[in-house]
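*Asks:* There's a structure below that I have some questions on.
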Amino acid sequence: MNTTLLKPGTLLHGGDYNPEQWLDRPEILEEDIRCMKYAHINCVSLGIFAWAKLEPQEGVFDFSWMHEIIDRLYREGIHVILATPSGARPRWLSDRYPEVLRVDVNRHRNLFGERHNHCLTSPIYRKKVHILNKKLAEEFGSHPGVILWHISNEYGGECHCPLCQEAFRNFVRSRYADIQELNKRWCTTFWSHTYDSFDQIESPSPRGESGLHALNLEWKRFVTCQTLDFAKEEIEALREGESVLPATTNLMYYYDGLNYQKFTDTFDILSWDNYPVWHKKAEMQTALDCGMFHDIIRSIQKKPFLLMESCPSATNWQPVSKLKRPGMQRLSSLQAIAHGSDSVQYFQIRQGEGASEKFHGAVIDHYGGTEGRVINEVAETGKALEQLREIYNSTVAAPVAIIYDWENNWAMQDAAGPRNENLFAKEAVLKSYEAFRKLGLNVDLISMEQPLEGYQIVAAPMLYVMEESFSDKVRDYVKAGGAFIMTYWSDIVDGTDRCFMKGTPHHLMDVFGLRQAEIDALYEGEQNIAAPVTDTSWSFPREYTCSHLCELLKLRGATSILEYQEDFYADYPAVTEHAYEQGMAYYIAADMETEFYLDFYRQIADKLQLYGPWGKETIPEGVAVSTRENMDYTYIFVQNYNSHAISIKPLPDTDMIYGLSDNILDGYETVVWKKKR
Amino acid sequence: MNTTLLKPGTLLHGGDYNPEQWLDRPEILEEDIRCMKYAHINCVSLGIFAWAKLEPQEGVFDFSWMHEIIDRLYREGIHVILATPSGARPRWLSDRYPEVLRVDVNRHRNLFGERHNHCLTSPIYRKKVHILNKKLAEEFGSHPGVILWHISNEYGGECHCPLCQEAFRNFVRSRYADIQELNKRWCTTFWSHTYDSFDQIESPSPRGESGLHALNLEWKRFVTCQTLDFAKEEIEALREGESVLPATTNLMYYYDGLNYQKFTDTFDILSWDNYPVWHKKAEMQTALDCGMFHDIIRSIQKKPFLLMESCPSATNWQPVSKLKRPGMQRLSSLQAIAHGSDSVQYFQIRQGEGASEKFHGAVIDHYGGTEGRVINEVAETGKALEQLREIYNSTVAAPVAIIYDWENNWAMQDAAGPRNENLFAKEAVLKSYEAFRKLGLNVDLISMEQPLEGYQIVAAPMLYVMEESFSDKVRDYVKAGGAFIMTYWSDIVDGTDRCFMKGTPHHLMDVFGLRQAEIDALYEGEQNIAAPVTDTSWSFPREYTCSHLCELLKLRGATSILEYQEDFYADYPAVTEHAYEQGMAYYIAADMETEFYLDFYRQIADKLQLYGPWGKETIPEGVAVSTRENMDYTYIFVQNYNSHAISIKPLPDTDMIYGLSDNILDGYETVVWKKKR
Amino acid sequence: MNTTLLKPGTLLHGGDYNPEQWLDRPEILEEDIRCMKYAHINCVSLGIFAWAKLEPQEGVFDFSWMHEIIDRLYREGIHVILATPSGARPRWLSDRYPEVLRVDVNRHRNLFGERHNHCLTSPIYRKKVHILNKKLAEEFGSHPGVILWHISNEYGGECHCPLCQEAFRNFVRSRYADIQELNKRWCTTFWSHTYDSFDQIESPSPRGESGLHALNLEWKRFVTCQTLDFAKEEIEALREGESVLPATTNLMYYYDGLNYQKFTDTFDILSWDNYPVWHKKAEMQTALDCGMFHDIIRSIQKKPFLLMESCPSATNWQPVSKLKRPGMQRLSSLQAIAHGSDSVQYFQIRQGEGASEKFHGAVIDHYGGTEGRVINEVAETGKALEQLREIYNSTVAAPVAIIYDWENNWAMQDAAGPRNENLFAKEAVLKSYEAFRKLGLNVDLISMEQPLEGYQIVAAPMLYVMEESFSDKVRDYVKAGGAFIMTYWSDIVDGTDRCFMKGTPHHLMDVFGLRQAEIDALYEGEQNIAAPVTDTSWSFPREYTCSHLCELLKLRGATSILEYQEDFYADYPAVTEHAYEQGMAYYIAADMETEFYLDFYRQIADKLQLYGPWGKETIPEGVAVSTRENMDYTYIFVQNYNSHAISIKPLPDTDMIYGLSDNILDGYETVVWKKKR
């Protein structure tokens, strides 16, 4: 598809809707429509688990009920995101074709049950999905109410069946010139595990090979590749069915099993399902955590995404499912919009009567009707989205980026290095993210495959894996005047987790003007102190603690900004700077506390005269500032994650397009200003 | 059987006895008899794991040694509870018929070993048990020393073999009109898991279906049903062998795997095995916990039960097996009597030489003889039972009841609702139980299938599942003047865990005059406060904390007694009352602290002028008061769970039939008074 | 072999070396040799995982590369310990002969992968190892640079395949007269698990029999026996290849899976791999823990052993891999020498590029060269070993012994006794060890099969298992004037974990003049107090706490030294003494705090006028004193585990042969004096 502009041309508001549960009770459908209109809902996702209703017996199809529902919704002004139902199979399929059931890592085939319990390699599973998808496209692809394909549901997991083993072998074969090259790059000689042939490759298993990190990494790559291959075949079937509608799939919060950064070409638009645990940690911490994942997803395609699921009330599968406090549903929904989503969708419109998610919060609860707190808060959100409709399809421009790379995460977690207990790798990313966000800057989180041009600052926390191609980008970026910050435990191995000899950060020792000599791991509770060096151009108000990992550097041109104060490496550099051609390369040798990042980035931003919409002033504690922009306007979102009110000062030359007041931001409230560009 | 009066006509004292371990050492048997007489033992359980000695080869039986032992014991005045040995099989059985070995939830067949490792569906296993049981009945059923059948031992666990799958399918088939009805009631459409036929039903498994709650619930029901069916066949074999002796089976402390409330018809008398962990928590808390299970078991048949196993010293399978402090063995034994047991039996008479319970406490330890502390404390207990012999066959009359329902527990734990971490459901029952007990009231704990008539107060904590039949009982009970207390998270689903629409507590909104709108789950450590409403007929001395779960109610006629003080639902009702025809319906919306229950129930009891034997006065801290009664007398047990002495005031018109003093109750001591009715 | 004197005749310094990873990069070998010489390395271990390079296809051998390397090393003065490569198999072996893959305890056969994943019973595996070992011997057995065979690598784990089951049955059959004897000794009647025939014996399994302790114990014995049988066959192949070099195998820190005390006859010299976690606990505690294992290994053959692996820097497989602080590498290495090692070897010489140990510390790190801290500290250690070369082949004489018996540990841990949570059994041994070491005494840790003669004091903590043969030794030892200390939970069962009747400590009640009546287990956090009895010959400065386990004794001639102060056994004896013929038997009834052992052993030593090289004075906190001796000299090692300097007073008549000063011992420093005998 060459466009992802969705037909309604406005922000979407709605959610998963599973009326196939009540086809024998038409009064429920009527009540649902009444409630949806009350709640300002304009879009629902249909058919996600409907295979058994659409094809109740092999080759026997029934689309009539879905026609009726889509027609009825359309008449009421409610659009449909139509799912391919491959996320769960009808019972007859695995009864007739047991090969479609997954085989686990111990090589045991599963029984029927649950979701995502099918082999994505299985030709018969692909064929059956193909037939149904094509028919869905033929039936509904040109319906004016249908706006988007929702491909499967939360793809995930892996299968170790013989078909997958064969596919994995072919995948590996395609990536190495010959088995000798593989042996060399995987360092199989270490434990006499040399492969004689690609035919000997098997997926990792705790009952077999689990410590060959290159194998583990290739397996993870294969799982992503095979999942995308399956998804492409799903979409092809829709195209064969003559549908030209765009396609999305819904992703999961920091899901480790699939490299979502590879999803960019397969889908026209990305979407994800956001279920934060509010009211447990400080709200702002939760907001930063979700905000970062919004930005991760947005940065994959660098365009608007969709919030495909969220909970209007409490979930039912968390250890403790706390109610959202009044206002939090709207605040959290508008956060998605602020970070680049063009929708607020819920799981689900109507609460189910039974099975495993019967107590999951929904727009329409078991009691029903429009009396309850939840549906009224949803309606308020719906009204807000209507007020903000001009924001639709506007984009997020970020002056700074953080490198966040799925494959790097995979490799680093599995590598068996200085800390197996916890590398605090996600936390390291969050520290840079939090600092940039508290400066009021939008942030992109990009993979190593994406370009660095255009960013004024780029931070690279724990880039353990580094291919030469990326290091070249970094060098070019700094040469051209960029500010690049890299941390400890970076540029250590190549893409097969093979260590670089002759010094690290391997490719970039010249750029940073240093090399790492040793890395110390600190036990939980231990810390060192990094103190500012005197007589520099820097001005830090205090010393900072560091913990978990501390590198011992040898400087080769860089100068120290902060130095360790304790242990046998007291006086060694903890943070350095190095002017490299037109740019600056900063190196952070230890896992510094968050406050350091804030003070450090503020000074770098000052040097670059880089300010967000809030300018030089400090944004009040607990308040987040974000912007979207289109050809004409910048839209400034200011959100208060405190439960108490905050005084704010309206920005000059802005108009308030959403909010209660220009001067007071109530607890959990949002104000949106627009400003001519 | 139409009678369960056991031949000896007195309280039983003894325990498990396994002399088959020493048939080649007759001097041990002689020593055992000497020690048993010293310890005032009048009854032992024989043959529990004796299959291999009774049928050493298939079809070759040897009863001679057991004849000798039973004869010898009988001559010494020691009666026998004779076990059917189905709790453990001889090796030849599974070697010859591998189908008798259990298959686990992952569908792997076990190897020989341990106990309870056999399929209760297997026809061959049933046949072999039948043959041996019948022969046992023929050999020993009319022996004057044998008084009771001990059917198997601690039935438990489950088997997922093909035979059990087939039986499960038949079980399910019998409960639904057709597969459409099953699909509807199980809500299988939710994830496209519609069954086409009963032939597709399989037991739940983590490798297949584990989240279909109705399936899980039916499986648990099936396991109970199949176990009872097996037990009935065991008993039938005894009847074929012409034995008319009553039959029992020994149950386990709060065992979740079987619904013991269904055991009432199969067995003539129930018994259980009590292994509390004394001296860890406050003794009174441990006493309440055991006391409640005594009362649960007694309430199933509402008649005397047996304490079949208990430990005279320390166990050997707890994480830390602490010695019982002097006096605790007797105190704990007499607690069983106070709560309705007609026996105190131990595991075991003589400590084994080897295998997995060789260090489990016993009446006769490895050292042997009558010198030790343990056997002398056992002898004291034996003397006490002789002093209390008139209590035999007296009953426990309880003016109050708590609804405690196994199926409700199963459903609630599995439901995936507001708290998966811990619902604190058992604790909720214990809070009501503790409050009633501290008022000196006997308590019945009954299932929803039992009648409510005759109780002055009925408490229903967390009755998540409610069928209409029970709600009708509640309505009738309140109409007729009863006081009924129900808590949060009640009347939510039907017997297939399907949610009620249009409001909850579904059947009883009229009776309680309210409906539940939302339920908030609190994280560990969080709490709200419930404060008394002013100007009511109630008088609470203070505010109370509540935690874990707090419901938000809409009142429809009820009035608030206490209200929340914090969070967005401050001022919402926390506890309500509602006059309904002649009775009162009270609703407790949150998990209140125990002290609230005490203050609340005391006031309800005052309104009803309901007092236990201790009257209106407060029972001293750490002291428990219980009664049993027969045609002529009420027997009042006062037990001191403190390690220090307590002053007491003898009750008027009573005679002390056991104890050291009417005025001072030593640490861990018991006094028993009798009073003419 | 009748000699274990290794050809170089000096302390070895080196480590594992795996150049087969870089055969295509000859410059790496050159650099390695340069670095090794810089680091004063004189010995490397070769070929540990080289099977795939030595026999790349079945029956196709390539020894040329190894010839070149050994020749080259020899020319440089570096000797070789040559490994048999049976620790890891080439892929072709299990592809062609799947029987060589292990079967786990659940009876599932593993896949290819990891190390130690082969069946040691498999005839084909044995045959393939035999062929290769013989060829290795033929090729390299007479090379002047090769000094020792390194048999396999860290033998461990177990296999439950049909071949092992058959071997296990034969093993068991050989140990019992007939199946009746086995049934009797294993007490199988307890749960009707009588065996009809040896053919029914199966290895323990959680899916079958896991609670029959005698079976578990025989299985553990079998695993040791089968492993040694395999090792013997490995060595025989070398002998068939005409090699007369001695053979060792490398053992693991407190490894529970094999009884290392049975390894004495199979190997000419023992070695082990030491990876302590320094800088977490107080350094002295870590030093005592390793020191004890050095002494355990040394005591097996009572002659010098080898430190085969240690880490020159940080490991990569601990939860947190902390760097060794400057000086700790040398301190820890010299500790091995002080305790009787004739080598300091590392894992590894050069850090690997990939696979699971790529970040494990090495002499030559990824950066390479001789600039780094680690290689320079290694070089210092190398110089130290050269200074200490006269210590080579000197022995350690210990005046005291502690009984530490693998089979006793196995039985006690599995027995299901008073504490299943934690018996604190190793801690009990450490308490005696620490006390002796703080008195400056060398300590042997011996099995019950070793003689007691020659020791002035013998301590026996928690000797749960006791065969009559050992009790006879104890009786004779005490009779002859020895001082024997035994603790609670001793002499309880025989070698099939069958309890002794008629009192414990069963064989030794007369020697100790007491019997144990009960054993109390204390919950975590609970304690009792043991106070000195007045008017004894003992002088304790204070009371001591005791915890975990407290026995209640009946004295039969013994006298109390300390008594409990609390609980119902206040005033019962806690520690007793009993003069028995010429000797003294002391009994410690409870798990006393460490300080008690120090005060107690000091007084016993005083009574015996037994002093170490430091004499009567107290050794400074954090300092360890050890000695080795040869015909002419005693060598006194004084090691400072503090990070700060300590003043010391040189011992009279000594010469300092290593160290910086006679008067000041820097942090982490060692001084070695020699003294004419």
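Following the order of the structure tokens, first chain is A, next is B, and so on, with residues numbered from 1 inside each chain and ligands from 1 in the order they appear.
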Pull out every residue of chain B that has at least one atom within 8 Å of chain A, counting only C-alpha atoms, and report them as a PyMOL selection string.
*Replies:* chain B and resi 186-196+205+207-214+415-421+497-504+517+519-523+568
*Asks:* Would you save the residues of that selection, restricted to N, CA and C atoms, as a compact mmCIF listing (two decimals), in the first residue's frame?
*Replies:*
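Ended up saving to part_10.txt:
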```txt
# COMPACT_ATOMS: atom_id res chain seq x y z
N TRP B 186 -20.05 -22.64 28.69
CA TRP B 186 -18.61 -22.49 28.90
C TRP B 186 -18.05 -21.27 28.18
N CYS B 187 -18.87 -20.60 27.37
CA CYS B 187 -18.43 -19.40 26.63
C CYS B 187 -17.22 -19.71 25.76
N THR B 188 -17.27 -20.82 25.05
CA THR B 188 -16.11 -21.25 24.26
C THR B 188 -15.87 -20.37 23.03
N THR B 189 -16.90 -19.61 22.64
CA THR B 189 -16.72 -18.74 21.47
C THR B 189 -15.61 -17.73 21.69
N PHE B 190 -15.36 -17.39 22.95
CA PHE B 190 -14.43 -16.30 23.26
C PHE B 190 -13.12 -16.39 22.49
N TRP B 191 -12.49 -17.56 22.50
CA TRP B 191 -11.24 -17.71 21.76
C TRP B 191 -11.37 -18.74 20.62
N SER B 192 -12.57 -18.85 20.08
CA SER B 192 -12.81 -19.75 18.95
C SER B 192 -12.58 -21.21 19.32
N HIS B 193 -12.88 -21.53 20.59
CA HIS B 193 -12.61 -22.88 21.04
C HIS B 193 -13.86 -23.75 21.13
N THR B 194 -14.81 -23.44 20.30
CA THR B 194 -16.07 -24.18 20.25
C THR B 194 -15.80 -25.68 20.08
N TYR B 195 -16.48 -26.49 20.89
CA TYR B 195 -16.40 -27.93 20.71
C TYR B 195 -17.45 -28.36 19.70
N ASP B 196 -17.09 -29.27 18.80
CA ASP B 196 -18.07 -29.82 17.87
C ASP B 196 -18.75 -31.04 18.46
N SER B 205 -4.72 -28.86 30.78
CA SER B 205 -3.28 -29.13 30.78
C SER B 205 -2.54 -27.85 30.46
N ARG B 207 -0.09 -27.79 28.74
CA ARG B 207 0.35 -27.96 27.36
C ARG B 207 -0.82 -27.82 26.39
N GLY B 208 -2.01 -27.56 26.91
CA GLY B 208 -3.17 -27.41 26.04
C GLY B 208 -4.07 -26.34 26.61
N GLU B 209 -5.24 -26.74 27.03
CA GLU B 209 -6.20 -25.78 27.53
C GLU B 209 -6.06 -25.65 29.05
N SER B 210 -5.77 -24.46 29.51
CA SER B 210 -5.72 -24.27 30.97
C SER B 210 -6.52 -23.06 31.42
N GLY B 211 -7.01 -22.28 30.49
CA GLY B 211 -7.69 -21.03 30.88
C GLY B 211 -9.19 -21.06 30.68
N LEU B 212 -9.75 -22.22 30.37
CA LEU B 212 -11.21 -22.32 30.21
C LEU B 212 -11.76 -22.75 31.59
N HIS B 213 -12.22 -21.77 32.34
CA HIS B 213 -12.50 -22.03 33.75
C HIS B 213 -13.59 -23.06 33.97
N ALA B 214 -14.58 -23.09 33.08
CA ALA B 214 -15.65 -24.07 33.24
C ALA B 214 -15.09 -25.48 33.07
N ALA B 415 -10.49 -18.00 38.81
CA ALA B 415 -11.33 -17.18 37.93
C ALA B 415 -10.60 -16.09 37.18
N ALA B 416 -9.39 -15.71 37.59
CA ALA B 416 -8.71 -14.57 36.97
C ALA B 416 -9.54 -13.31 37.15
N GLY B 417 -9.58 -12.86 38.38
CA GLY B 417 -10.35 -11.67 38.71
C GLY B 417 -9.47 -10.56 39.25
N PRO B 418 -9.98 -9.80 40.20
CA PRO B 418 -9.27 -8.59 40.61
C PRO B 418 -7.92 -8.83 41.29
N ARG B 419 -7.76 -9.98 41.92
CA ARG B 419 -6.44 -10.29 42.52
C ARG B 419 -6.08 -11.72 42.17
N ASN B 420 -5.05 -11.91 41.36
CA ASN B 420 -4.57 -13.26 41.09
C ASN B 420 -3.48 -13.64 42.08
N GLU B 421 -2.88 -12.65 42.68
CA GLU B 421 -1.76 -12.88 43.59
C GLU B 421 -2.26 -13.62 44.83
N ASP B 497 -18.94 -20.84 36.12
CA ASP B 497 -18.09 -19.64 36.19
C ASP B 497 -18.48 -18.62 35.11
N ARG B 498 -19.76 -18.57 34.80
CA ARG B 498 -20.25 -17.59 33.83
C ARG B 498 -20.82 -16.41 34.59
N CYS B 499 -20.41 -15.22 34.20
CA CYS B 499 -20.78 -14.02 34.94
C CYS B 499 -22.27 -13.70 34.80
N PHE B 500 -22.80 -13.19 35.88
CA PHE B 500 -24.18 -12.68 35.83
C PHE B 500 -24.17 -11.28 35.23
N MET B 501 -25.11 -11.02 34.36
CA MET B 501 -25.29 -9.68 33.79
C MET B 501 -26.30 -8.95 34.67
N LYS B 502 -26.39 -7.65 34.45
CA LYS B 502 -27.44 -6.81 35.06
C LYS B 502 -27.29 -6.66 36.58
N GLY B 503 -26.10 -6.78 37.04
CA GLY B 503 -25.89 -6.45 38.45
C GLY B 503 -25.60 -7.61 39.36
N THR B 504 -24.74 -7.35 40.33
CA THR B 504 -24.42 -8.34 41.38
C THR B 504 -24.46 -7.61 42.72
N ALA B 517 -20.88 -1.80 42.06
CA ALA B 517 -20.60 -1.13 40.79
C ALA B 517 -19.19 -1.42 40.29
N ILE B 519 -15.05 -3.03 41.70
CA ILE B 519 -14.26 -3.61 42.79
C ILE B 519 -12.80 -3.18 42.62
N ASP B 520 -12.27 -2.59 43.65
CA ASP B 520 -10.89 -2.10 43.61
C ASP B 520 -9.98 -3.11 44.29
N ALA B 521 -8.85 -3.39 43.67
CA ALA B 521 -7.85 -4.27 44.29
C ALA B 521 -6.71 -3.40 44.81
N LEU B 522 -6.30 -3.65 46.04
CA LEU B 522 -5.23 -2.86 46.65
C LEU B 522 -3.94 -3.65 46.63
N TYR B 523 -2.84 -2.99 46.35
CA TYR B 523 -1.54 -3.66 46.40
C TYR B 523 -1.21 -4.02 47.84
N PHE B 568 -10.70 7.82 46.04
CA PHE B 568 -11.80 8.50 45.32
C PHE B 568 -13.16 7.99 45.74
```
*Asks:* Within region 502-531 of chain A, find each residue whose DSSP state, derived from the backbone, is strand (DSSP E), and express the selection as a list in words.
*Replies:* Leu514, Arg515, Gln516, Ala517, Glu518, Ile519, Asp520, Ala521, Asn528, Ile529, Ala530 and Ala531 of chain A
*Asks:* With N, CA and C atoms kept, could you save the residues just selected as a PDB file, in the first residue's frame?
*Replies:*
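So result-v8.pdb came out as:
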```pdb
ATOM      1  N   LEU A 514      39.711   6.833  23.605  1.00  0.00           N
ATOM      2  CA  LEU A 514      39.935   6.023  24.812  1.00  0.00           C
ATOM      3  C   LEU A 514      39.783   4.549  24.448  1.00  0.00           C
ATOM      4  N   ARG A 515      40.197   3.705  25.388  1.00  0.00           N
ATOM      5  CA  ARG A 515      39.787   2.302  25.316  1.00  0.00           C
ATOM      6  C   ARG A 515      39.452   1.797  26.710  1.00  0.00           C
ATOM      7  N   GLN A 516      38.608   0.752  26.703  1.00  0.00           N
ATOM      8  CA  GLN A 516      38.199   0.126  27.951  1.00  0.00           C
ATOM      9  C   GLN A 516      39.210  -0.945  28.309  1.00  0.00           C
ATOM     10  N   ALA A 517      39.705  -0.925  29.556  1.00  0.00           N
ATOM     11  CA  ALA A 517      40.699  -1.929  29.951  1.00  0.00           C
ATOM     12  C   ALA A 517      40.065  -3.075  30.742  1.00  0.00           C
ATOM     13  N   GLU A 518      39.169  -2.726  31.665  1.00  0.00           N
ATOM     14  CA  GLU A 518      38.493  -3.758  32.464  1.00  0.00           C
ATOM     15  C   GLU A 518      37.086  -3.269  32.762  1.00  0.00           C
ATOM     16  N   ILE A 519      36.221  -4.187  33.160  1.00  0.00           N
ATOM     17  CA  ILE A 519      34.883  -3.788  33.603  1.00  0.00           C
ATOM     18  C   ILE A 519      34.596  -4.454  34.941  1.00  0.00           C
ATOM     19  N   ASP A 520      34.270  -3.643  35.904  1.00  0.00           N
ATOM     20  CA  ASP A 520      33.996  -4.170  37.252  1.00  0.00           C
ATOM     21  C   ASP A 520      32.484  -4.291  37.429  1.00  0.00           C
ATOM     22  N   ALA A 521      32.049  -5.397  38.021  1.00  0.00           N
ATOM     23  CA  ALA A 521      30.640  -5.573  38.340  1.00  0.00           C
ATOM     24  C   ALA A 521      30.468  -5.391  39.837  1.00  0.00           C
ATOM     25  N   ASN A 528      29.896   3.174  43.687  1.00  0.00           N
ATOM     26  CA  ASN A 528      31.062   4.035  43.659  1.00  0.00           C
ATOM     27  C   ASN A 528      30.517   5.467  43.520  1.00  0.00           C
ATOM     28  N   ILE A 529      31.401   6.449  43.574  1.00  0.00           N
ATOM     29  CA  ILE A 529      31.006   7.851  43.450  1.00  0.00           C
ATOM     30  C   ILE A 529      31.777   8.436  42.280  1.00  0.00           C
ATOM     31  N   ALA A 530      31.081   9.200  41.451  1.00  0.00           N
ATOM     32  CA  ALA A 530      31.776   9.927  40.382  1.00  0.00           C
ATOM     33  C   ALA A 530      31.676  11.413  40.701  1.00  0.00           C
ATOM     34  N   ALA A 531      32.847  12.066  40.803  1.00  0.00           N
ATOM     35  CA  ALA A 531      32.860  13.489  41.163  1.00  0.00           C
ATOM     36  C   ALA A 531      33.359  14.302  39.974  1.00  0.00           C
TER      37      ALA A 531
END
```
*Asks:* Enumerate as a ChimeraX atom specification all residues of region 108-307 of chain C assigned to alpha helix (DSSP H) by DSSP on the backbone, naming them with the chain letters and numbers the document uses.
*Replies:* /C:123-140,162-173,179-186,213-240,283-301
*Asks:* Neighbouring residues of region 40-44 of chain B were defined as those with any atom within 7 Å, considering only C-alpha atoms; residues of the same chain fewer than 5 positions away were excluded. Please report them as number ranges by chain.
*Replies:* B: 12-17, 77-81, 379, 382-383
*Asks:* Write to file, as a PDB file, in the first residue's frame, the residues of the selection just made, with C-alpha atoms.
*Replies:*
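The file below, result.pdb, is the result:
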```pdb
ATOM      1  CA  LEU B  12     -10.770 -44.096  70.827  1.00  0.00           C
ATOM      2  CA  HIS B  13      -7.092 -43.624  71.531  1.00  0.00           C
ATOM      3  CA  GLY B  14      -4.363 -45.073  69.396  1.00  0.00           C
ATOM      4  CA  GLY B  15      -3.036 -44.751  65.875  1.00  0.00           C
ATOM      5  CA  ASP B  16      -1.502 -46.224  62.742  1.00  0.00           C
ATOM      6  CA  TYR B  17       0.316 -49.435  63.456  1.00  0.00           C
ATOM      7  CA  GLY B  77      -8.283 -54.992  74.801  1.00  0.00           C
ATOM      8  CA  ILE B  78      -7.042 -53.148  71.763  1.00  0.00           C
ATOM      9  CA  HIS B  79      -9.472 -52.749  68.895  1.00  0.00           C
ATOM     10  CA  VAL B  80      -8.578 -52.502  65.245  1.00  0.00           C
ATOM     11  CA  ILE B  81      -9.533 -50.119  62.475  1.00  0.00           C
ATOM     12  CA  ALA B 379      -0.430 -41.820  78.408  1.00  0.00           C
ATOM     13  CA  GLY B 382      -5.150 -41.584  77.253  1.00  0.00           C
ATOM     14  CA  LYS B 383      -6.109 -41.108  80.877  1.00  0.00           C
TER      15      LYS B 383
END
```
*Asks:* What does the distance from CA of Leu388 (chain C) to CA of Val671 (chain C) come to in Å, to one decimal?
*Replies:*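 Here the two named atoms are 10.9 Å from each other.
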